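Printed here is input11.cif (mmCIF, C-alpha atoms):
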```cif
data_structure
loop_
_atom_site.label_atom_id
_atom_site.label_comp_id
_atom_site.auth_asym_id
_atom_site.auth_seq_id
_atom_site.Cartn_x
_atom_site.Cartn_y
_atom_site.Cartn_z
CA MET M 1 -138.81 175.93 -31.93
CA PRO M 2 -138.97 179.64 -31.53
CA VAL M 3 -136.83 180.26 -34.53
CA PHE M 4 -139.43 179.05 -36.93
CA VAL M 5 -142.27 180.91 -35.31
CA GLU M 6 -140.60 184.20 -35.89
CA GLU M 7 -139.67 183.51 -39.41
CA THR M 8 -142.97 182.14 -40.49
CA ALA M 9 -144.44 185.53 -39.87
CA GLN M 10 -141.82 187.03 -42.05
CA LEU M 11 -142.74 184.91 -45.00
CA SER M 12 -144.97 186.40 -47.60
CA LYS M 13 -148.60 185.50 -47.86
CA ALA M 14 -148.11 183.96 -51.25
CA ARG M 15 -145.32 181.88 -49.90
CA LEU M 16 -147.37 180.64 -47.00
CA LYS M 17 -150.20 179.85 -49.36
CA SER M 18 -148.02 177.77 -51.60
CA ASP M 19 -146.55 175.96 -48.65
CA LEU M 20 -149.98 175.06 -47.41
CA ILE M 21 -150.99 173.78 -50.82
CA ALA M 22 -147.90 171.68 -50.95
CA HIS M 23 -148.77 170.14 -47.64
CA ASN M 24 -152.32 169.46 -48.77
CA VAL M 25 -153.72 171.77 -46.20
CA ALA M 26 -157.05 173.36 -46.98
CA LEU M 27 -156.58 177.01 -47.71
CA PRO M 28 -158.52 179.60 -45.76
CA PRO M 29 -160.90 181.82 -47.71
CA ALA M 30 -159.22 183.91 -50.32
CA LYS M 31 -159.16 187.19 -48.52
CA SER M 32 -157.97 185.96 -45.17
CA LYS M 33 -155.41 187.85 -43.30
CA LYS M 34 -151.86 186.77 -43.31
CA GLY M 35 -152.16 185.73 -39.71
CA THR M 36 -154.52 182.95 -40.68
CA TYR M 37 -152.04 181.60 -43.10
CA VAL M 38 -149.29 181.84 -40.55
CA GLU M 39 -151.34 179.89 -38.07
CA LEU M 40 -152.17 177.17 -40.49
CA HIS M 41 -148.64 177.10 -41.65
CA LYS M 42 -147.29 176.71 -38.19
CA ARG M 43 -149.80 174.09 -37.32
CA HIS M 44 -149.50 171.87 -40.33
CA VAL M 45 -146.25 172.52 -42.06
CA GLN M 46 -144.02 172.68 -39.09
CA GLN M 47 -145.53 169.63 -37.57
CA LYS M 48 -143.97 167.69 -40.34
CA THR M 49 -140.60 168.39 -38.81
CA CYS M 50 -139.19 169.76 -41.95
CA ALA M 51 -137.10 172.61 -40.93
CA ASP M 52 -136.75 174.16 -44.31
CA PHE M 53 -139.15 177.03 -44.51
CA SER M 54 -137.48 179.51 -42.34
CA SER M 55 -134.37 179.88 -44.28
CA ASP M 56 -135.61 181.81 -47.25
CA GLU M 57 -134.32 185.17 -46.37
CA GLU M 58 -131.43 184.01 -44.33
CA PRO M 59 -128.00 183.21 -45.62
CA GLU M 60 -128.07 179.69 -46.80
CA ALA M 61 -124.87 178.63 -45.19
CA ASP M 62 -126.38 178.38 -41.75
CA ASP M 63 -129.00 175.91 -42.72
CA GLU M 64 -127.01 173.37 -44.54
CA GLU M 65 -126.53 170.99 -41.68
CA PRO M 66 -130.07 170.61 -40.37
CA ASN M 67 -131.46 170.57 -43.86
CA VAL M 68 -129.26 167.95 -45.35
CA ALA M 69 -129.98 165.26 -42.81
CA LYS M 70 -133.63 165.60 -42.19
CA ILE M 71 -134.05 162.27 -40.60
CA LEU M 72 -130.52 161.32 -39.73
CA ASP M 73 -127.97 163.88 -38.76
CA PRO M 74 -124.52 162.36 -39.04
CA ARG M 75 -123.52 164.05 -35.87
CA SER M 76 -126.27 162.53 -33.84
CA LEU M 77 -125.68 159.00 -35.02
CA THR M 78 -123.84 156.52 -32.97
CA ASP M 79 -120.71 154.96 -34.33
CA ASP M 80 -122.55 151.85 -35.40
CA ASP M 81 -125.36 153.78 -37.02
CA LEU M 82 -122.90 155.93 -38.88
CA LYS M 83 -121.14 152.86 -40.12
CA ALA M 84 -124.43 151.31 -41.18
CA ALA M 85 -125.47 154.45 -42.97
CA LEU M 86 -122.19 154.55 -44.84
CA GLN M 87 -122.63 150.93 -45.76
CA GLN M 88 -126.03 151.70 -47.19
CA HIS M 89 -124.36 154.11 -49.52
CA GLY M 90 -121.89 151.50 -50.53
CA VAL M 91 -118.94 152.92 -48.66
CA LYS M 92 -116.75 150.44 -46.92
CA ALA M 93 -115.98 152.36 -43.79
CA GLY M 94 -113.19 151.49 -41.47
CA PRO M 95 -113.46 151.61 -37.71
CA ILE M 96 -115.14 154.73 -36.50
CA VAL M 97 -112.82 156.00 -33.87
CA ALA M 98 -112.36 159.42 -32.41
CA SER M 99 -109.92 160.43 -35.10
CA THR M 100 -111.91 159.00 -37.98
CA ARG M 101 -115.37 160.00 -36.93
CA ALA M 102 -115.24 163.52 -38.28
CA LEU M 103 -114.10 162.29 -41.65
CA TYR M 104 -116.83 159.70 -41.94
CA GLU M 105 -119.45 162.17 -40.82
CA ARG M 106 -118.36 164.52 -43.55
CA LYS M 107 -118.46 161.73 -46.03
CA LEU M 108 -121.96 160.72 -45.04
CA ARG M 109 -123.09 164.28 -45.32
CA ASN M 110 -121.76 164.54 -48.81
CA LEU M 111 -123.44 161.30 -49.72
CA LEU M 112 -126.75 162.51 -48.36
CA LEU M 113 -126.37 165.64 -50.43
CA SER M 114 -125.88 163.80 -53.62
CA ASN M 115 -128.48 161.23 -52.64
CA GLY M 116 -131.04 163.91 -52.09
CA LEU M 117 -130.39 165.16 -55.56
CA ASP M 118 -130.66 161.71 -57.03
CA LYS M 119 -133.91 160.92 -55.28
CA VAL M 120 -135.44 164.08 -56.53
CA ASN M 121 -134.27 163.28 -60.01
CA ASP M 122 -135.84 159.87 -59.87
CA LYS M 123 -139.18 160.73 -58.38
CA VAL M 124 -140.16 163.82 -60.19
CA ASN M 125 -140.52 163.55 -63.92
CA GLY M 126 -141.53 166.55 -65.91
CA ALA M 127 -143.45 167.90 -62.99
CA GLY M 128 -142.42 171.39 -63.74
CA GLU M 129 -140.03 171.39 -60.91
CA ALA M 130 -136.55 172.69 -60.64
CA VAL M 131 -134.05 172.13 -57.95
CA LEU M 132 -131.70 174.92 -58.70
CA TYR M 133 -132.15 178.43 -57.60
CA SER M 134 -129.67 181.21 -57.79
CA ASP M 135 -130.76 184.33 -55.97
CA SER M 136 -132.80 184.64 -52.88
CA GLU M 137 -135.13 187.07 -54.60
CA GLU M 138 -136.22 184.44 -57.01
CA GLU M 139 -137.05 182.02 -54.29
CA GLU M 140 -140.66 182.96 -53.85
CA VAL M 141 -141.46 182.47 -57.45
CA SER M 142 -139.52 179.30 -57.71
CA GLU M 143 -140.90 177.97 -54.49
CA GLU M 144 -144.41 178.43 -55.73
CA GLU M 145 -143.73 176.80 -59.01
CA GLN M 146 -141.92 174.03 -57.32
CA GLU M 147 -144.34 173.15 -54.64
CA GLN M 148 -147.60 173.07 -56.39
CA PRO M 149 -147.38 169.92 -58.38
CA VAL M 150 -145.28 168.00 -55.93
CA THR M 151 -146.32 165.56 -53.30
CA GLU M 152 -145.51 166.12 -49.73
CA GLU M 153 -142.88 163.49 -49.38
CA VAL M 154 -140.92 164.56 -52.35
CA GLN M 155 -141.30 168.15 -51.53
CA THR M 156 -139.45 167.91 -48.27
CA GLN M 157 -136.66 166.09 -49.92
CA THR M 158 -136.71 168.53 -52.74
CA GLU M 159 -136.47 171.41 -50.36
CA ALA M 160 -133.64 169.79 -48.55
CA ALA M 161 -131.89 169.07 -51.77
CA GLU M 162 -132.71 172.45 -53.11
CA ARG M 163 -131.44 174.13 -50.02
CA SER M 164 -128.27 172.16 -49.96
CA GLN M 165 -127.94 172.50 -53.68
CA GLN M 166 -128.51 176.20 -53.33
CA ASP M 167 -125.94 176.37 -50.66
CA HIS M 168 -123.58 174.44 -52.80
CA LYS M 169 -124.31 176.71 -55.71
CA GLN M 170 -123.64 179.74 -53.67
CA ASP M 171 -120.50 178.21 -52.41
CA LEU M 172 -119.44 177.76 -55.95
CA SER M 173 -120.32 181.40 -56.41
CA SER M 174 -121.74 181.06 -59.84
CA GLN M 175 -124.90 183.00 -59.86
CA SER M 176 -126.66 181.77 -62.93
CA GLU M 177 -129.38 183.67 -64.64
CA ASP M 178 -131.46 180.58 -65.26
CA HIS M 179 -134.82 180.82 -63.69
CA VAL M 180 -137.10 177.99 -62.96
CA TYR M 181 -138.46 176.52 -66.10
CA PRO M 182 -141.82 174.83 -65.79
CA GLN M 183 -140.70 172.10 -68.08
CA CYS M 184 -138.73 168.92 -67.94
CA PHE M 185 -137.35 168.67 -64.49
CA LEU M 186 -134.44 166.63 -65.62
CA VAL M 187 -133.22 169.38 -67.89
CA SER M 188 -133.02 171.91 -65.17
CA SER M 189 -131.75 169.51 -62.62
CA ARG M 190 -128.88 168.69 -64.84
CA LEU M 191 -126.57 171.45 -63.88
CA GLU M 192 -125.78 174.45 -65.98
CA PRO M 193 -122.70 174.16 -68.13
CA ALA M 194 -120.91 176.77 -66.13
CA GLN M 195 -121.12 174.67 -63.05
CA GLU M 196 -120.76 171.31 -64.61
CA PRO M 197 -117.03 170.90 -64.29
CA SER M 198 -116.92 171.49 -60.57
CA GLN M 199 -120.20 169.71 -59.88
CA ASP M 200 -119.21 166.79 -62.00
CA ARG M 201 -116.00 166.45 -60.08
CA PHE M 202 -118.03 166.51 -56.91
CA LYS M 203 -120.48 164.00 -58.23
CA ASP M 204 -117.71 161.90 -59.64
CA LEU M 205 -116.34 161.48 -56.21
CA LEU M 206 -119.59 160.21 -54.86
CA ALA M 207 -121.88 158.83 -57.48
CA ASP M 208 -120.05 156.46 -59.70
CA THR M 209 -122.03 153.30 -60.04
CA PRO M 210 -125.68 153.16 -60.93
CA THR M 211 -126.57 150.88 -58.07
CA GLY M 212 -124.75 152.39 -55.18
CA ILE M 213 -122.26 155.02 -54.51
CA TYR M 214 -118.68 154.11 -54.38
CA ALA M 215 -117.18 157.00 -52.63
CA THR M 216 -113.50 156.84 -53.29
CA ARG M 217 -112.08 157.31 -56.69
CA ARG M 218 -108.45 158.03 -56.70
CA ARG M 219 -105.69 157.90 -59.20
CA PRO M 220 -103.49 154.84 -58.87
CA ILE M 221 -100.01 155.57 -57.65
CA LYS M 222 -97.43 155.18 -60.32
CA GLY M 223 -94.24 153.53 -59.41
CA ALA M 224 -95.41 152.18 -56.12
CA ALA M 225 -95.83 148.55 -55.12
CA GLY M 226 -94.41 147.15 -58.28
CA ARG M 227 -96.67 149.04 -60.61
CA PRO M 228 -94.85 149.92 -63.78
CA VAL M 229 -94.35 153.58 -64.33
CA GLN M 230 -95.71 154.62 -67.67
CA TYR M 231 -95.05 158.15 -68.52
CA ALA M 232 -97.31 159.99 -70.86
CA LEU M 233 -94.41 162.15 -71.83
CA PRO M 234 -91.24 160.91 -73.52
CA ASP M 235 -88.20 160.37 -71.39
CA THR M 236 -86.12 163.11 -72.88
CA LEU M 237 -88.47 165.85 -71.67
CA LEU M 238 -87.39 167.98 -74.59
CA SER M 239 -89.80 169.90 -76.70
CA PRO M 240 -90.20 168.90 -80.33
CA ASN M 241 -88.55 172.14 -81.33
CA THR M 242 -85.49 171.36 -79.34
CA LEU M 243 -85.34 167.88 -80.81
CA GLN M 244 -85.58 169.23 -84.34
CA ARG M 245 -82.91 171.75 -83.66
CA GLN M 246 -80.68 169.04 -82.33
CA GLU M 247 -81.24 166.95 -85.41
CA VAL M 248 -80.39 169.83 -87.66
CA GLU M 249 -77.35 170.56 -85.65
CA ARG M 250 -76.26 166.99 -85.99
CA ARG M 251 -76.22 167.45 -89.72
CA LEU M 252 -74.43 170.74 -89.41
CA VAL M 253 -71.50 169.36 -87.56
CA PRO M 254 -70.31 167.10 -90.37
CA LEU M 255 -71.08 169.97 -92.70
CA LYS M 256 -68.47 172.05 -90.97
CA ILE M 257 -66.05 169.24 -91.32
CA GLN M 258 -66.91 169.05 -94.98
CA ILE M 259 -66.18 172.73 -95.43
CA LEU M 260 -62.91 172.32 -93.64
CA VAL M 261 -61.97 169.42 -95.83
CA PHE M 262 -62.89 171.39 -98.89
CA PHE M 263 -60.62 174.24 -97.91
CA ILE M 264 -57.81 171.85 -97.13
CA VAL M 265 -58.16 170.27 -100.54
CA ALA M 266 -58.26 173.68 -102.15
CA ILE M 267 -55.10 174.68 -100.38
CA ILE M 268 -53.42 171.46 -101.46
CA LEU M 269 -54.42 172.08 -105.04
CA TYR M 270 -53.03 175.58 -104.91
CA VAL M 271 -49.80 174.27 -103.53
CA ILE M 272 -49.66 171.77 -106.36
CA LEU M 273 -50.27 174.59 -108.81
CA VAL M 274 -47.38 176.49 -107.40
CA LEU M 275 -45.23 173.40 -107.67
CA PHE M 276 -46.20 172.85 -111.25
CA GLU M 277 -45.43 176.44 -112.02
CA ASP M 278 -41.90 175.78 -110.88
CA TYR M 279 -41.56 172.82 -113.20
CA THR M 280 -42.80 174.93 -116.14
CA PHE M 281 -45.06 172.21 -117.37
CA ASN M 282 -46.38 173.92 -120.49
CA PRO M 283 -49.76 172.41 -121.24
CA LEU M 284 -50.66 172.56 -117.64
CA LEU M 285 -49.40 176.10 -117.46
CA ALA M 286 -51.49 177.09 -120.43
CA LEU M 287 -54.48 175.44 -118.96
CA ILE M 288 -53.86 177.21 -115.74
CA ASP M 289 -53.51 180.47 -117.64
CA ILE M 290 -56.79 179.85 -119.32
CA PHE M 291 -58.29 179.01 -116.00
CA ASN M 292 -56.83 182.13 -114.43
CA GLN M 293 -57.79 184.48 -117.22
CA GLY M 294 -61.46 183.69 -116.94
CA LEU M 295 -64.23 181.54 -118.15
CA ASN M 296 -65.20 183.54 -121.15
CA SER M 297 -65.89 180.98 -123.91
CA ASP M 298 -64.57 183.16 -126.78
CA GLU M 299 -61.42 183.94 -124.96
CA ALA M 300 -61.07 180.32 -124.03
CA GLN M 301 -61.33 179.31 -127.67
CA GLU M 302 -58.75 181.88 -128.69
CA LEU M 303 -56.44 180.72 -126.03
CA GLU M 304 -56.97 177.15 -127.10
CA GLY M 305 -56.09 178.15 -130.60
CA LEU M 306 -52.96 179.81 -129.27
CA LEU M 307 -52.20 176.65 -127.39
CA GLU M 308 -52.38 174.58 -130.57
CA VAL M 309 -50.10 176.96 -132.31
CA GLU M 310 -47.66 176.83 -129.52
CA MET H 1 -86.25 157.82 -63.57
CA SER H 2 -88.46 157.67 -60.50
CA SER H 3 -90.67 160.51 -59.47
CA THR H 4 -90.34 159.86 -55.75
CA SER H 5 -88.13 161.94 -53.56
CA GLN H 6 -85.07 160.86 -51.68
CA LYS H 7 -87.01 161.08 -48.46
CA HIS H 8 -89.59 158.71 -49.82
CA LYS H 9 -86.96 156.24 -50.87
CA ASN H 10 -85.25 156.43 -47.52
CA PHE H 11 -88.46 155.83 -45.68
CA VAL H 12 -89.61 152.93 -47.80
CA ALA H 13 -86.25 151.24 -47.74
CA GLU H 14 -86.50 149.89 -44.21
CA PRO H 15 -88.94 149.33 -41.35
CA MET H 16 -89.77 152.67 -39.84
CA ALA H 17 -88.99 151.63 -36.25
CA ASP H 18 -88.99 154.78 -34.17
CA LYS H 19 -88.50 157.30 -36.91
CA ALA H 20 -89.86 160.74 -36.24
CA VAL H 21 -92.82 162.04 -38.11
CA ASN H 22 -90.47 164.33 -40.02
CA ALA H 23 -89.12 161.30 -41.79
CA LEU H 24 -92.32 160.87 -43.76
CA ALA H 25 -92.28 162.13 -47.31
CA GLY H 26 -94.23 165.35 -47.60
CA ILE H 27 -93.91 166.14 -43.91
CA GLY H 28 -91.31 168.75 -43.15
CA ASP H 29 -90.47 170.65 -40.02
CA VAL H 30 -93.57 172.78 -39.80
CA LEU H 31 -96.06 170.06 -40.54
CA GLY H 32 -94.13 167.67 -38.38
CA GLN H 33 -94.37 170.04 -35.47
CA ARG H 34 -98.10 170.44 -35.94
CA LEU H 35 -98.58 166.71 -36.02
CA GLU H 36 -96.50 166.27 -32.92
CA ASP H 37 -98.60 168.84 -31.13
CA LYS H 38 -101.63 166.77 -31.94
CA GLY H 39 -99.99 163.73 -30.47
CA PHE H 40 -98.70 162.11 -33.64
CA ASP H 41 -95.13 162.25 -32.52
CA LYS H 42 -93.80 159.23 -34.36
CA ALA H 43 -94.19 158.02 -37.90
CA TYR H 44 -95.88 154.86 -36.74
CA VAL H 45 -98.71 156.83 -35.17
CA VAL H 46 -99.44 158.41 -38.51
CA LEU H 47 -99.19 154.96 -39.98
CA GLY H 48 -101.74 153.89 -37.44
CA GLN H 49 -104.11 156.58 -38.61
CA PHE H 50 -103.54 155.54 -42.19
CA LEU H 51 -104.34 151.95 -41.36
CA VAL H 52 -107.42 152.83 -39.35
CA LEU H 53 -108.69 154.62 -42.42
CA LYS H 54 -108.23 151.30 -44.17
CA LYS H 55 -105.45 152.69 -46.31
CA ASP H 56 -107.95 154.89 -48.09
CA GLU H 57 -105.84 157.64 -49.58
CA GLU H 58 -108.62 160.11 -50.02
CA LEU H 59 -109.74 159.87 -46.42
CA PHE H 60 -106.14 160.08 -45.35
CA HIS H 61 -105.70 163.21 -47.42
CA ASP H 62 -108.67 164.80 -45.72
CA TRP H 63 -107.41 163.81 -42.35
CA LEU H 64 -103.92 165.10 -43.01
CA LYS H 65 -105.29 168.37 -44.20
CA ASP H 66 -107.32 168.73 -41.04
CA ALA H 67 -104.52 167.62 -38.79
CA CYS H 68 -101.65 169.74 -40.02
CA GLY H 69 -102.83 171.76 -43.01
CA ALA H 70 -100.91 169.86 -45.63
CA ASN H 71 -101.45 170.89 -49.21
CA ALA H 72 -102.39 168.49 -51.98
CA LYS H 73 -98.84 167.63 -52.94
CA GLN H 74 -97.79 166.97 -49.40
CA GLN H 75 -100.85 164.85 -48.82
CA LYS H 76 -100.12 162.79 -51.86
CA ASP H 77 -96.46 162.38 -51.02
CA CYS H 78 -97.24 161.23 -47.52
CA SER H 79 -99.99 158.83 -48.47
CA SER H 80 -98.02 157.26 -51.29
CA CYS H 81 -95.02 156.91 -49.00
CA LEU H 82 -97.08 155.14 -46.38
CA LYS H 83 -98.82 153.00 -48.93
CA GLU H 84 -95.58 151.84 -50.40
CA TRP H 85 -94.20 151.15 -46.98
CA CYS H 86 -97.24 149.04 -46.20
CA ASP H 87 -96.94 147.14 -49.43
CA ALA H 88 -93.34 146.37 -48.62
CA PHE H 89 -93.47 145.57 -44.94
CA LEU H 90 -96.97 145.04 -43.75
#
```

Once more with this new file: its structure as structure tokens, please.
Amino acid sequence: MPVFVEETAQLSKARLKSDLIAHNVALPPAKSKKGTYVELHKRHVQQKTCADFSSDEEPEADDEEPNVAKILDPRSLTDDDLKAALQQHGVKAGPIVASTRALYERKLRNLLLSNGLDKVNDKVNGAGEAVLYSDSEEEEVSEEEQEQPVTEEVQTQTEAAERSQQDHKQDLSSQSEDHVYPQCFLVSSRLEPAQEPSQDRFKDLLADTPTGIYATRRRPIKGAAGRPVQYALPDTLLSPNTLQRQEVERRLVPLKIQILVFFIVAIILYVILVLFEDYTFNPLLALIDIFNQGLNSDEAQELEGLLEVE
Amino acid sequence: MSSTSQKHKNFVAEPMADKAVNALAGIGDVLGQRLEDKGFDKAYVVLGQFLVLKKDEELFHDWLKDACGANAKQQKDCSSCLKEWCDAFL
């Protein structure tokens, strides 16, 4: 593969060194030229058919496909193999026909992505390894830290996962500042809070059960096929404010009627007063006079006295 | 009060026979044209695709998006329409 030959030479010496260590290849003497490292690297590392080393300085998006499926590329599988692979992941796939193939391939790819992450989580415990990287500049450092304590087998998977994870991270465009911590792998592999919502959604789709992966997780359809529709919201669709206002208004309406009635009664009383004035009913008249003249208690008493006299 | 559209109700009310793809809920003129260009010229062909995907709504959503560029609401409308039709008639 000519691509890798070129890019190996572009890697730094330190990088090549760490790669060789990771692959348990004996290092050349300390002051060897870079060429020696490149040779060894090409010979040993690339023989392992892991196509992950060349992509350091390249945009990650290109390498997602070959990296994700190191052994099985969904595209190269036959229909039956694809179906079997999906079954392994716990997905009950339907017939793989021309129209459905692309969808199932995509699904398998996503499953491999998340599987790669899970495998790495399981195998490496506190090995000072981190899967997540943000910037390409940090890669050298993180690569070194990552590769040293890890075995070969895990390392390839890690790289694949890391690459795909990296790609995914970049897709999510959240460049975190977190560098590789040479501490509990699980801590760093658990995604940063900033990313968690989107990653969790992604993971939720794929990794639900502890044993396998049940891929589909959809909301049940309300109101279809005899399922009762249960609304979270009340039927009226009115805000509480509106409801309160309506209640208050309900009280106000009879209040208006009450005011009306009051005025009507007042008018009737006035009419009666007028009538009684005509009949010159004395005590009533006096009382009315008192009433009309005011509510002053002294005056009222005087007037009452007058009344008695009269 | 139901949250399904009139189109949905019309579609689910009777066997789809030879209805055009426009008759599906969520599929209007533009999307219908795109589907027809791809060969899905009748509603039953889309039903066929839905069934081949084992009535999996998520996969159907993905497929619909690829096939005609439906947005999430349209995908959901279409898949729920088909699902209800299947529950009633299949």

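Across the structure, CA of Leu35 (chain H) and CA of Pro74 (chain M) are spaced 26.5 Å apart.
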
- [ ] Do me a favour and pick out the residues of chain H within 9 Å of chain M, using only C-alpha atoms, as a VMD selection string.
- [x] chain H and resid 1 to 4 49 51 to 54 56 to 59 62 to 63 80 to 81 83 to 85 87 to 88

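Put simply, CA of Phe60 (chain H) is 27.2 Å away from CA of Asp118 (chain M).
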
Task: CA of Gln75 (chain H) to CA of Phe50 (chain H), straight-line distance in Å - done: 11.7 Å

Open item on the list: For the PyMOL selection byres ((chain H and resi 40) around 12), applied here, can you spell out every residue it catches as a ChimeraX atom specification?
Closed with: /M:99 /H:19-22,31-39,41-50,64,67-68
